[in-house]
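The file structure_36.tsv comes next; it holds TSV, N, CA and C atoms.
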```tsv
chain	number	residue	atom	x	y	z
P	1	MET	N	92.69	105.95	143.91
P	1	MET	CA	91.73	105.97	142.83
P	1	MET	C	91.66	104.61	142.13
P	2	GLY	N	92.30	103.60	142.62
P	2	GLY	CA	92.20	102.28	142.02
P	2	GLY	C	93.39	102.00	141.11
P	3	SER	N	93.54	100.75	140.77
P	3	SER	CA	94.66	100.38	139.91
P	3	SER	C	94.28	100.55	138.44
P	4	ARG	N	95.30	100.76	137.64
P	4	ARG	CA	95.08	100.92	136.21
P	4	ARG	C	95.05	99.55	135.55
P	5	ARG	N	94.21	99.41	134.56
P	5	ARG	CA	94.12	98.14	133.83
P	5	ARG	C	95.16	98.10	132.73
P	6	LEU	N	95.59	96.89	132.38
P	6	LEU	CA	96.55	96.72	131.31
P	6	LEU	C	95.89	96.81	129.94
P	7	SER	N	94.62	96.50	129.86
P	7	SER	CA	93.88	96.60	128.60
P	7	SER	C	92.41	96.78	128.93
P	8	GLN	N	91.62	97.02	127.92
P	8	GLN	CA	90.19	97.22	128.13
P	8	GLN	C	89.53	95.99	128.74
P	9	SER	N	89.95	94.80	128.30
P	9	SER	CA	89.33	93.58	128.80
P	9	SER	C	90.03	93.03	130.04
P	10	GLY	N	91.12	93.65	130.44
P	10	GLY	CA	91.86	93.16	131.59
P	10	GLY	C	92.82	92.04	131.25
P	11	VAL	N	92.97	91.73	129.96
P	11	VAL	CA	93.86	90.66	129.52
P	11	VAL	C	95.03	91.29	128.78
P	12	ALA	N	96.20	91.18	129.35
P	12	ALA	CA	97.40	91.70	128.71
P	12	ALA	C	98.01	90.59	127.86
P	13	SER	N	98.51	90.96	126.70
P	13	SER	CA	99.09	89.97	125.81
P	13	SER	C	100.34	90.53	125.16
P	14	LEU	N	101.40	89.73	125.14
P	14	LEU	CA	102.60	90.09	124.42
P	14	LEU	C	102.76	89.23	123.17
P	15	GLY	N	101.80	88.34	122.91
P	15	GLY	CA	101.95	87.41	121.82
P	15	GLY	C	100.86	87.45	120.77
P	16	HIS	N	100.03	88.48	120.79
P	16	HIS	CA	98.90	88.51	119.86
P	16	HIS	C	99.32	88.58	118.40
P	17	ALA	N	100.48	89.13	118.10
P	17	ALA	CA	100.94	89.24	116.71
P	17	ALA	C	101.26	87.89	116.10
P	18	VAL	N	101.42	86.86	116.93
P	18	VAL	CA	101.72	85.52	116.40
P	18	VAL	C	100.58	85.04	115.51
P	19	PHE	N	99.36	85.44	115.79
P	19	PHE	CA	98.23	85.00	114.97
P	19	PHE	C	98.23	85.69	113.61
P	20	PHE	N	98.70	86.93	113.56
P	20	PHE	CA	98.88	87.59	112.26
P	20	PHE	C	99.98	86.88	111.47
P	21	GLY	N	101.03	86.45	112.16
P	21	GLY	CA	102.11	85.74	111.49
P	21	GLY	C	101.66	84.40	110.95
P	22	ILE	N	100.88	83.67	111.74
P	22	ILE	CA	100.34	82.39	111.28
P	22	ILE	C	99.47	82.61	110.05
P	23	GLY	N	98.63	83.61	110.09
P	23	GLY	CA	97.77	83.92	108.96
P	23	GLY	C	98.57	84.35	107.73
P	24	ALA	N	99.62	85.12	107.94
P	24	ALA	CA	100.45	85.57	106.81
P	24	ALA	C	101.16	84.39	106.15
P	25	TYR	N	101.71	83.49	106.95
P	25	TYR	CA	102.33	82.30	106.38
P	25	TYR	C	101.30	81.45	105.64
P	26	ALA	N	100.12	81.29	106.22
P	26	ALA	CA	99.09	80.48	105.56
P	26	ALA	C	98.68	81.10	104.23
P	27	ALA	N	98.50	82.41	104.20
P	27	ALA	CA	98.13	83.09	102.94
P	27	ALA	C	99.26	82.98	101.92
P	28	GLY	N	100.49	83.12	102.37
P	28	GLY	CA	101.63	83.00	101.46
P	28	GLY	C	101.76	81.60	100.89
P	29	LEU	N	101.59	80.59	101.73
P	29	LEU	CA	101.65	79.20	101.26
P	29	LEU	C	100.49	78.89	100.33
P	30	TRP	N	99.32	79.45	100.62
P	30	TRP	CA	98.14	79.29	99.77
P	30	TRP	C	98.42	79.89	98.38
P	31	ALA	N	99.00	81.08	98.36
P	31	ALA	CA	99.32	81.74	97.09
P	31	ALA	C	100.40	80.98	96.33
P	32	LEU	N	101.31	80.37	97.05
P	32	LEU	CA	102.42	79.65	96.42
P	32	LEU	C	101.99	78.31	95.83
P	33	TYR	N	101.12	77.59	96.54
P	33	TYR	CA	100.80	76.22	96.13
P	33	TYR	C	99.38	75.99	95.62
P	34	VAL	N	98.43	76.90	95.91
P	34	VAL	CA	97.04	76.65	95.52
P	34	VAL	C	96.57	77.67	94.49
P	35	THR	N	96.35	78.88	94.91
P	35	THR	CA	95.91	79.94	94.00
P	35	THR	C	96.38	81.28	94.54
P	36	SER	N	96.65	82.19	93.63
P	36	SER	CA	97.14	83.51	94.04
P	36	SER	C	96.02	84.53	94.18
P	37	GLU	N	94.78	84.09	94.13
P	37	GLU	CA	93.63	84.98	94.27
P	37	GLU	C	93.60	85.55	95.68
P	38	PRO	N	93.56	86.89	95.84
P	38	PRO	CA	93.75	87.48	97.17
P	38	PRO	C	92.62	87.26	98.18
P	39	PHE	N	91.38	87.11	97.73
P	39	PHE	CA	90.29	86.96	98.70
P	39	PHE	C	90.25	85.57	99.31
P	40	SER	N	90.57	84.54	98.54
P	40	SER	CA	90.65	83.21	99.13
P	40	SER	C	91.84	83.12	100.09
P	41	GLY	N	92.94	83.80	99.76
P	41	GLY	CA	94.08	83.86	100.67
P	41	GLY	C	93.73	84.53	101.99
P	42	LEU	N	92.89	85.54	101.91
P	42	LEU	CA	92.43	86.23	103.13
P	42	LEU	C	91.63	85.28	104.01
P	43	LEU	N	90.75	84.50	103.42
P	43	LEU	CA	89.96	83.54	104.19
P	43	LEU	C	90.84	82.46	104.81
P	44	VAL	N	91.81	81.98	104.05
P	44	VAL	CA	92.74	80.97	104.58
P	44	VAL	C	93.54	81.55	105.74
P	45	ALA	N	93.97	82.80	105.61
P	45	ALA	CA	94.72	83.45	106.68
P	45	ALA	C	93.88	83.57	107.95
P	46	ALA	N	92.62	83.97	107.79
P	46	ALA	CA	91.73	84.10	108.95
P	46	ALA	C	91.50	82.75	109.62
P	47	LEU	N	91.28	81.73	108.82
P	47	LEU	CA	91.07	80.40	109.39
P	47	LEU	C	92.32	79.88	110.10
P	48	ALA	N	93.48	80.07	109.50
P	48	ALA	CA	94.72	79.60	110.13
P	48	ALA	C	94.99	80.35	111.43
P	49	GLY	N	94.79	81.66	111.44
P	49	GLY	CA	94.96	82.42	112.67
P	49	GLY	C	93.98	81.99	113.74
P	50	GLY	N	92.74	81.68	113.33
P	50	GLY	CA	91.73	81.20	114.27
P	50	GLY	C	92.08	79.85	114.86
P	51	VAL	N	92.60	78.95	114.02
P	51	VAL	CA	93.02	77.64	114.52
P	51	VAL	C	94.18	77.80	115.51
P	52	GLY	N	95.12	78.69	115.19
P	52	GLY	CA	96.22	78.96	116.12
P	52	GLY	C	95.71	79.49	117.45
P	53	ALA	N	94.71	80.35	117.39
P	53	ALA	CA	94.12	80.89	118.62
P	53	ALA	C	93.39	79.81	119.41
P	54	LEU	N	92.71	78.92	118.70
P	54	LEU	CA	92.03	77.82	119.40
P	54	LEU	C	93.02	76.89	120.10
P	55	LEU	N	94.18	76.69	119.49
P	55	LEU	CA	95.19	75.84	120.12
P	55	LEU	C	95.87	76.53	121.30
P	56	ALA	N	96.13	77.83	121.17
P	56	ALA	CA	96.84	78.55	122.23
P	56	ALA	C	95.90	79.02	123.35
P	57	GLY	N	94.65	79.23	123.03
P	57	GLY	CA	93.69	79.77	124.00
P	57	GLY	C	93.59	79.02	125.30
P	58	PRO	N	93.37	77.71	125.27
P	58	PRO	CA	93.25	76.98	126.54
P	58	PRO	C	94.49	77.08	127.42
P	59	LEU	N	95.64	77.25	126.79
P	59	LEU	CA	96.88	77.34	127.56
P	59	LEU	C	97.04	78.70	128.23
P	60	VAL	N	96.68	79.78	127.53
P	60	VAL	CA	97.01	81.11	128.04
P	60	VAL	C	95.85	81.87	128.67
P	61	LEU	N	94.63	81.43	128.50
P	61	LEU	CA	93.51	82.24	129.00
P	61	LEU	C	93.10	81.93	130.44
P	62	ARG	N	93.61	80.88	131.02
P	62	ARG	CA	93.26	80.55	132.39
P	62	ARG	C	94.03	81.39	133.42
P	63	PRO	N	95.33	81.53	133.29
P	63	PRO	CA	96.07	82.32	134.28
P	63	PRO	C	95.78	83.81	134.17
P	64	ARG	N	96.20	84.55	135.18
P	64	ARG	CA	96.01	86.00	135.21
P	64	ARG	C	97.33	86.67	135.56
P	65	GLY	N	97.39	87.97	135.35
P	65	GLY	CA	98.55	88.76	135.78
P	65	GLY	C	99.81	88.45	135.01
P	66	LEU	N	100.91	88.44	135.74
P	66	LEU	CA	102.23	88.24	135.13
P	66	LEU	C	102.36	86.87	134.48
P	67	THR	N	101.72	85.86	135.04
P	67	THR	CA	101.77	84.52	134.44
P	67	THR	C	101.17	84.53	133.05
P	68	LEU	N	100.06	85.23	132.88
P	68	LEU	CA	99.42	85.35	131.57
P	68	LEU	C	100.34	86.04	130.58
P	69	VAL	N	100.93	87.13	131.00
P	69	VAL	CA	101.83	87.88	130.12
P	69	VAL	C	103.00	87.01	129.68
P	70	MET	N	103.59	86.29	130.61
P	70	MET	CA	104.74	85.44	130.29
P	70	MET	C	104.34	84.27	129.39
P	71	LEU	N	103.16	83.70	129.60
P	71	LEU	CA	102.72	82.60	128.75
P	71	LEU	C	102.45	83.07	127.32
P	72	THR	N	101.86	84.24	127.15
P	72	THR	CA	101.63	84.74	125.79
P	72	THR	C	102.96	85.00	125.10
P	73	LEU	N	103.93	85.51	125.83
P	73	LEU	CA	105.26	85.71	125.27
P	73	LEU	C	105.92	84.38	124.91
P	74	ALA	N	105.73	83.38	125.76
P	74	ALA	CA	106.30	82.05	125.50
P	74	ALA	C	105.69	81.41	124.26
P	75	VAL	N	104.37	81.54	124.09
P	75	VAL	CA	103.71	80.98	122.90
P	75	VAL	C	104.22	81.66	121.65
P	76	ALA	N	104.35	82.98	121.68
P	76	ALA	CA	104.86	83.71	120.52
P	76	ALA	C	106.29	83.30	120.20
P	77	THR	N	107.11	83.14	121.20
P	77	THR	CA	108.50	82.73	121.00
P	77	THR	C	108.57	81.31	120.46
P	78	LEU	N	107.72	80.43	120.96
P	78	LEU	CA	107.68	79.06	120.48
P	78	LEU	C	107.29	79.00	119.00
P	79	VAL	N	106.27	79.72	118.61
P	79	VAL	CA	105.84	79.73	117.20
P	79	VAL	C	106.93	80.33	116.32
P	80	GLN	N	107.57	81.38	116.78
P	80	GLN	CA	108.67	81.98	116.01
P	80	GLN	C	109.81	80.98	115.86
P	81	SER	N	110.14	80.27	116.92
P	81	SER	CA	111.21	79.28	116.86
P	81	SER	C	110.89	78.16	115.89
P	82	ILE	N	109.65	77.72	115.88
P	82	ILE	CA	109.24	76.68	114.93
P	82	ILE	C	109.33	77.19	113.50
P	83	ALA	N	108.85	78.42	113.27
P	83	ALA	CA	108.89	78.98	111.92
P	83	ALA	C	110.31	79.15	111.40
P	84	ASN	N	111.25	79.43	112.30
P	84	ASN	CA	112.64	79.64	111.90
P	84	ASN	C	113.52	78.41	112.01
P	85	ALA	N	112.95	77.30	112.49
P	85	ALA	CA	113.73	76.08	112.69
P	85	ALA	C	114.25	75.55	111.36
P	86	GLU	N	115.43	74.98	111.42
P	86	GLU	CA	116.06	74.45	110.20
P	86	GLU	C	115.23	73.35	109.57
P	87	TRP	N	114.61	72.49	110.37
P	87	TRP	CA	113.81	71.40	109.83
P	87	TRP	C	112.51	71.88	109.22
P	88	PHE	N	112.06	73.11	109.55
P	88	PHE	CA	110.82	73.67	109.00
P	88	PHE	C	111.09	74.69	107.90
P	89	LYS	N	112.36	74.95	107.63
P	89	LYS	CA	112.74	75.96	106.63
P	89	LYS	C	112.19	75.67	105.23
P	90	PRO	N	112.09	74.41	104.78
P	90	PRO	CA	111.49	74.18	103.46
P	90	PRO	C	110.04	74.67	103.35
P	91	VAL	N	109.33	74.74	104.46
P	91	VAL	CA	107.94	75.19	104.45
P	91	VAL	C	107.85	76.71	104.60
P	92	THR	N	108.54	77.26	105.59
P	92	THR	CA	108.39	78.68	105.92
P	92	THR	C	109.46	79.59	105.32
P	93	GLY	N	110.55	79.01	104.86
P	93	GLY	CA	111.66	79.83	104.38
P	93	GLY	C	112.57	80.27	105.50
P	94	GLY	N	112.27	79.87	106.73
P	94	GLY	CA	113.10	80.25	107.88
P	94	GLY	C	113.14	81.75	108.09
P	95	ALA	N	114.29	82.26	108.51
P	95	ALA	CA	114.44	83.69	108.78
P	95	ALA	C	114.36	84.52	107.50
P	96	ASP	N	114.57	83.89	106.33
P	96	ASP	CA	114.48	84.61	105.06
P	96	ASP	C	113.03	84.82	104.62
P	97	GLY	N	112.12	84.05	105.15
P	97	GLY	CA	110.71	84.18	104.81
P	97	GLY	C	110.35	83.50	103.50
P	98	LEU	N	109.08	83.58	103.15
P	98	LEU	CA	108.60	82.99	101.90
P	98	LEU	C	109.00	83.85	100.72
P	99	PHE	N	109.22	83.20	99.59
P	99	PHE	CA	109.50	83.94	98.37
P	99	PHE	C	109.02	83.13	97.18
P	100	GLY	N	108.86	83.79	96.04
P	100	GLY	CA	108.48	83.11	94.82
P	100	GLY	C	107.00	83.08	94.53
P	101	TYR	N	106.18	83.70	95.32
P	101	TYR	CA	104.75	83.70	95.04
P	101	TYR	C	104.32	85.06	94.50
P	102	GLN	N	103.25	85.06	93.74
P	102	GLN	CA	102.67	86.27	93.20
P	102	GLN	C	101.22	86.35	93.65
P	103	ILE	N	100.74	87.55	93.90
P	103	ILE	CA	99.34	87.76	94.24
P	103	ILE	C	98.63	88.27	93.00
P	104	ALA	N	97.52	87.63	92.65
P	104	ALA	CA	96.76	88.02	91.46
P	104	ALA	C	96.14	89.40	91.66
P	105	PRO	N	95.81	90.07	90.57
P	105	PRO	CA	95.13	91.38	90.68
P	105	PRO	C	93.79	91.24	91.40
P	106	VAL	N	93.45	92.24	92.21
P	106	VAL	CA	92.19	92.25	92.94
P	106	VAL	C	91.07	92.44	91.93
P	107	PHE	N	90.04	91.60	92.00
P	107	PHE	CA	88.93	91.58	91.05
P	107	PHE	C	89.40	91.37	89.62
P	108	GLY	N	90.60	90.81	89.45
P	108	GLY	CA	91.15	90.57	88.13
P	108	GLY	C	91.56	91.82	87.39
P	109	ARG	N	91.52	92.97	88.06
P	109	ARG	CA	91.76	94.24	87.38
P	109	ARG	C	92.85	95.08	88.03
P	110	PHE	N	92.86	95.15	89.36
P	110	PHE	CA	93.77	96.04	90.06
P	110	PHE	C	95.01	95.26	90.52
P	111	GLU	N	96.15	95.60	89.95
P	111	GLU	CA	97.41	94.93	90.28
P	111	GLU	C	97.71	95.12	91.76
P	112	PHE	N	97.94	94.03	92.48
P	112	PHE	CA	98.19	94.09	93.92
P	112	PHE	C	99.61	94.53	94.18
P	113	ASP	N	99.76	95.63	94.90
P	113	ASP	CA	101.07	96.18	95.19
P	113	ASP	C	101.03	96.77	96.59
P	114	LEU	N	101.84	96.24	97.49
P	114	LEU	CA	101.80	96.72	98.88
P	114	LEU	C	102.21	98.18	99.01
P	115	GLU	N	102.97	98.70	98.07
P	115	GLU	CA	103.38	100.09	98.15
P	115	GLU	C	102.39	101.03	97.45
P	116	GLY	N	101.42	100.48	96.75
P	116	GLY	CA	100.53	101.31	95.95
P	116	GLY	C	99.13	101.45	96.52
P	117	ARG	N	98.28	102.00	95.73
P	117	ARG	CA	96.91	102.27	96.15
P	117	ARG	C	96.09	101.01	96.32
P	118	THR	N	96.33	100.01	95.49
P	118	THR	CA	95.54	98.78	95.60
P	118	THR	C	95.74	98.12	96.95
P	119	GLY	N	96.96	98.05	97.43
P	119	GLY	CA	97.23	97.48	98.75
P	119	GLY	C	96.53	98.24	99.85
P	120	TYR	N	96.52	99.57	99.73
P	120	TYR	CA	95.85	100.40	100.73
P	120	TYR	C	94.35	100.13	100.73
P	121	TRP	N	93.72	100.17	99.56
P	121	TRP	CA	92.27	99.99	99.48
P	121	TRP	C	91.86	98.57	99.83
P	122	TYR	N	92.70	97.60	99.51
P	122	TYR	CA	92.43	96.22	99.91
P	122	TYR	C	92.41	96.11	101.43
P	123	ALA	N	93.42	96.64	102.09
P	123	ALA	CA	93.50	96.61	103.55
P	123	ALA	C	92.37	97.42	104.18
P	124	ALA	N	92.05	98.58	103.61
P	124	ALA	CA	90.95	99.40	104.14
P	124	ALA	C	89.62	98.68	104.01
P	125	GLY	N	89.41	97.99	102.88
P	125	GLY	CA	88.18	97.23	102.69
P	125	GLY	C	88.06	96.08	103.67
P	126	VAL	N	89.17	95.39	103.91
P	126	VAL	CA	89.18	94.29	104.89
P	126	VAL	C	88.84	94.83	106.27
P	127	MET	N	89.44	95.94	106.64
P	127	MET	CA	89.17	96.53	107.96
P	127	MET	C	87.72	96.99	108.07
P	128	ALA	N	87.16	97.51	106.99
P	128	ALA	CA	85.77	97.97	107.03
P	128	ALA	C	84.81	96.79	107.21
P	129	VAL	N	85.12	95.69	106.57
P	129	VAL	CA	84.26	94.51	106.69
P	129	VAL	C	84.39	93.93	108.08
```
Would you mind writing the file out in structure tokens?
Amino acid sequence: MGSRRLSQSGVASLGHAVFFGIGAYAAGLWALYVTSEPFSGLLVAALAGGVGALLAGPLVLRPRGLTLVMLTLAVATLVQSIANAEWFKPVTGGADGLFGYQIAPVFGRFEFDLEGRTGYWYAAGVMAV
């Protein structure tokens, strides 16, 4: 009956979460050094993840099969190693992550809390858009 596909597009990836990580670091650094307004942080995160994808894309999108899977894993491991490197720790916080930043209330009214309703509705709104 034919072979099964690894994904809908036929492209298997083990490293796609690296772009979420790049975006999260960019948003955190934006909140720490520029402004804590959540919507501008979202745009910065999207742009940073997109730039990461533009840099990694030419490397990983040409091969197929197991080579593709291994390259996506290698890119993710490389980015993780850079983020956790001792020489990059002043920027990323290393394995401890970023700390010391605050996110401003959404629309200046709703206190941003990842455990509360505001975090849920913020994420739901982003997904809807």
>> Given only C-alpha atoms as the basis, pick out the residue of P:Pro105, P:Pro63, P:Gly97, P:Gly116 nearest to Leu29 in chain P.
In response: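 Among the listed residues, the smallest separation from Leu29 in chain P belongs to P:Gly97.
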> What does the distance from CA of Val44 in chain P to CA of Ala26 in chain P come to in Å, to one decimal?
Replying inline: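 So the answer is 6.4 Å.
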>> Please compute the atom N of Gly108 in chain P-atom N of Pro38 in chain P distance, one decimal, in Å.
In response: 8.1 Å
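CA of His16 in chain P lies 7.5 Å from CA of Thr72 in chain P.
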> With only C-alpha atoms as the basis for distance, which of P:Gly94, P:Ala31, P:Leu43, P:Tyr101 is at the shortest distance from Val126 in chain P?
Replying inline: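 Nearest to Val126 in chain P: P:Leu43.
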> Please, which residues of range 2-122 of chain P, numbered as in this document, come out helix (DSSP H, G or I) from DSSP, as a PyMOL selection string?
Replying inline: chain P and resi 17-33+38-60+66-84+86-92+94-96+117-122
> Within 7 Å of Ala83 in chain P, counting all atoms listed in the file, which residues qualify if same-chain residues fewer than 5 places away don't, as an NGL selection string?
Replying inline: :P and (78 or 88-89 or 92-95)
> Hey, what's within 8 Å of Gly49 in chain P if we count only N, CA and C atoms and toss same-chain stuff fewer than 2 positions away? As a PyMOL selection string, please?
Replying inline: chain P and resi 18-24+26+43-47+51-55
> For Thr118 in chain P, which residue among P:Tyr33, P:Thr67, P:Val106, P:Asp96 is the nearest when counting only N, CA and C atoms?
Replying inline: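 Using only N, CA and C atoms, the shortest distance to Thr118 in chain P belongs to P:Val106.
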